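What follows is one structure encoded as structure tokens, with my remarks underneath.
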Amino acid sequence: MTLDNNIYLYNLPYEIIFFILKKLDNMDILYSLFGMNHRLDNIIQDKIFTTMLNFVSISSLTNDISSISDRMLDRFCYNVLPRIHYNVKHLILESTSIGRILHAGSYPNLTELKLFNFNQEIIPRYFIDDPHLQHIYNQIKDLTLISNENNTEMHSKDYTNNIYTVALNLFKNLTHLTIAGAFNKDYPPFSLDNLSLNMFSSTLTKLSIRVNIFNDCLALLDSHLQQLTTFIVYINSIVYESSPSYMLNNDLPNLKVFSLTSYNDTDQYDMLVVPLLQRMLNLEELTLYLRVTRRTIFIDGTHIYNKILIHMLQLHTFTFYISSEKRIEALPLRLSNSDIQRTFTNTLNRQVVCSVHYFSDFDNICHVFSLPFTFDHLEKISNHFPNMIFNSVTYLTLYDIIPFQYKFFVQIAQAFPLLNYLSINNDEPPSLNIYNSRFIDKSWLTIEYPYLTSLDLSFAHIYYINQFLNE
């Protein structure tokens with residue numbers, strides 16, 4: 001920006017300058033323009049530009065998360081934050097810069113903190129050895145911790161005790177707490193076995209968390225956190241363990257929003273999940289992602305209504321993906337997609353997709369889900385899966401006992417444009433005539449998976465390995 005342009009900008013009417021700046025990124029405005037002109041400073045210090053500050057940089061290609069550059073940090077910490085810190089209500093930080101930014105002001109109105117790349121190394125540095133930040137932690141009402149630790153050598157119980165407990169004990173007045181992994185990556189789960197639940201603020205009303213087993217979910221709902229109105233939980237394993245002393249089986253009248261996601265399959269859905277859902281009498285929003293095995297019948301709309309929804313008279317939003325597998329010899333009746341579809345008349349969803357596939361008498365699966373599809377995982381997708389676009393799916397597994405044709409992979413690339421992980425389980429190759437290049441439509445030859453970073457061919461015929469790695 002030239003000097004003449006600067007003068008022209010500064011002399012514009014206040015309303016026009018304000019309108020122009022609102023179209024720009026507030027961090028760019030503060031970095032580039034703050035301190036250059038007194039009149040412009042008065043505009044930039046408006047709360048619309050200073051309430052929420054994001055100091056995190058995310059690569060559009062690799063999704064790598066880092067702090068903004070040192071040069072930008074220096075300018076913010078020395079010249080900008082000391083003058084606007086009293087306006088800041090929401091900070092988005094990366095762990096390596098948390099100390100510099102929080103020490104640049106007192107932030108009397110800061111109530112929301114989102115911290116990327118949370119890990120065990122920052123606990124002693126910023127949460128234990130830096131008591132000057134305690135007054136800021138006490139102010140925080142809404143805390144989000146984005147972990148960058150996937151496979152820690154520390155046991156989940158020890159990680160909970162040494163990392164999560166230490167961190168949460170500093171935030172005494174939380175109402176909202178979210179702990180997640182970056183870009184749907186796994187992160188160390190909470191393991192609450194024999195650990196005190198006092199680490200959670202008694203004022204907490206919204207909790208989003210990943211736990212190890214189903215008992216941990218029950219511990220949170222039936223003990224210290226019965227005041228929750230929103231509970232979003234990811235469970236590693238829905239498995240049965242002896243009933244804990246805190247499992248009261250009482251209703252959960254305060255819970256309005258509940259989301260349960262478990263990517264690992266379970267054969268204890270009817271024994272554990274259904275009874276829990278039947279206690280949520282005042283629920284208004286429900287989200288389920290479940291993979292159920294070893295049932296005698298598929299989970300369909302009739303089951304969902306009679307066993308779950310009929311107990312939730314206040315429910316107005318139901319988002320779900322449920323796959324169910326049954327393994328019964330000599331099936332008396334093979335239900336079609338249309339047969340399953342007709343059972344979805346009372347599930348609050350105008351659009352439901354059903355996809356049934358019979359691999360053998362012992363291996364059959366039914367996928368049912370609401371639209372739009374919002375989840376990031378899909379597993380055991382076969383040749384007969386519906387041809388539609390899944391813009392949210394990043395993790396996909398393919399399974400069939402009949403060959404995947406070349407055209408099928410074209411369909412997959414088009415249907416899952418953001419795919420990061422792909423696994424193929426199929427030991428049957430197409431016939432030689434099918435995958436001989438002389439018989440392939442040339443328009444199929446280029447198949448692109450632009451975001452694919454992980455490919456699992458452990459259970460694939462060598463043809464598929466050759467197709468992906470050589471062709």
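Note on naming: chains are A, B, ... as they come in the structure tokens, residues start from 1 per chain, ligands start from 1 in the order shown.
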
Show which residues sit within 9 Å of Gln278 (chain A), as a ChimeraX atom specification. Count only C-alpha atoms, and ignore same-chain residues fewer than 5 positions away. /A:251,273,307-312

Could you list, with a cut-off of 12 Å and counting only C-alpha atoms, the residues of region 94-116 of chain A near region 57-64 of chain A, each shown with its nearest atom pair and the distance in Å rounded to one decimal, rows sorted by chain and ascending number, as a Markdown table?
```
| residue | atom | partner | partner_atom | distance |
| --- | --- | --- | --- | --- |
| A:Glu94 | CA | A:Ser57 | CA | 8.6 |
| A:Ser97 | CA | A:Ser57 | CA | 11.9 |
| A:Phe116 | CA | A:Ser57 | CA | 10.1 |
```

Within 12 Å of Gln226 (chain A), counting only C-alpha atoms, which residues qualify if same-chain residues fewer than 5 places away don't, as JSON, numbers by chain? {"A": [197, 200, 201, 202, 203, 204, 205, 206, 207, 217, 218, 219, 220, 221, 231, 246, 247, 248, 249, 250, 251, 252, 253, 254, 255, 256, 280]}

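Nearest-residue note for Leu91 (chain A): choosing from A:Asp142, A:Asp41, A:Glu121, A:Asp25, the minimum distance belongs to A:Asp142, counting only C-alpha atoms.
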
So that I can check the surroundings of Leu286 (chain A), please list as a list in words every protein, DNA and RNA residue that reaches within 6 Å of it, counting only C-alpha atoms and ignoring chain neighbours fewer than 6 positions away.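 After dropping sequence-adjacent residues, the list is Phe258, Ser259 and Phe318 of chain A.
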
Which of region 186-415 of chain A fall in strand (DSSP E), as a ChimeraX atom specification: /A:206-213,230-237,257-261,285-292,317-326,352-360,363-370,377-381,395-399

Using only C-alpha atoms, the best pick from A:Asn337, A:Ser66, A:Asn87, A:Gln467 as closest to Phe49 (chain A) would be A:Asn87

Distance query Asp400 (chain A) at most 7 Å, only C-alpha atoms, self and fewer than 5 positions along chain excluded, as a list in words: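 These residues fall inside the cut-off: Ser382, Asn383, Asn425 and Asn426 of chain A.
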
Nearest to Thr111 (chain A) among A:Phe468, A:Thr266, A:Phe171, A:Leu24, with distances taken over only C-alpha atoms: which residue is it? A:Phe171

Distance query Ile48 (chain A) at most 12 Å, only C-alpha atoms, self and fewer than 2 positions along chain excluded, as a ChimeraX atom specification: /A:18-19,21-27,29-30,43-46,50-53,84,87-90

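Going from CA of Ile98 (chain A) to CA of Ile122 (chain A) covers 9.4 Å.
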
Please list as a VMD selection string every residue within 9 Å of Leu378 (chain A), counting only C-alpha atoms and excluding residues in the same chain fewer than 4 positions away. chain A and resid 263 393 to 398

I need the residue nearest His155 (chain A) from this list: A:Thr296, A:Thr446, A:Ser191, A:Gln134. Use only C-alpha atoms for the distance. A:Ser191

Figure out the distance between CA of Asp186 (chain A) and CA of Ile299 (chain A), please, to one decimal in Å.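 Distance reported for this atom pair: 27.6 Å.
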
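Between CA of Ile146 (chain A) and CA of Leu177 (chain A) there is a distance of 11.2 Å.
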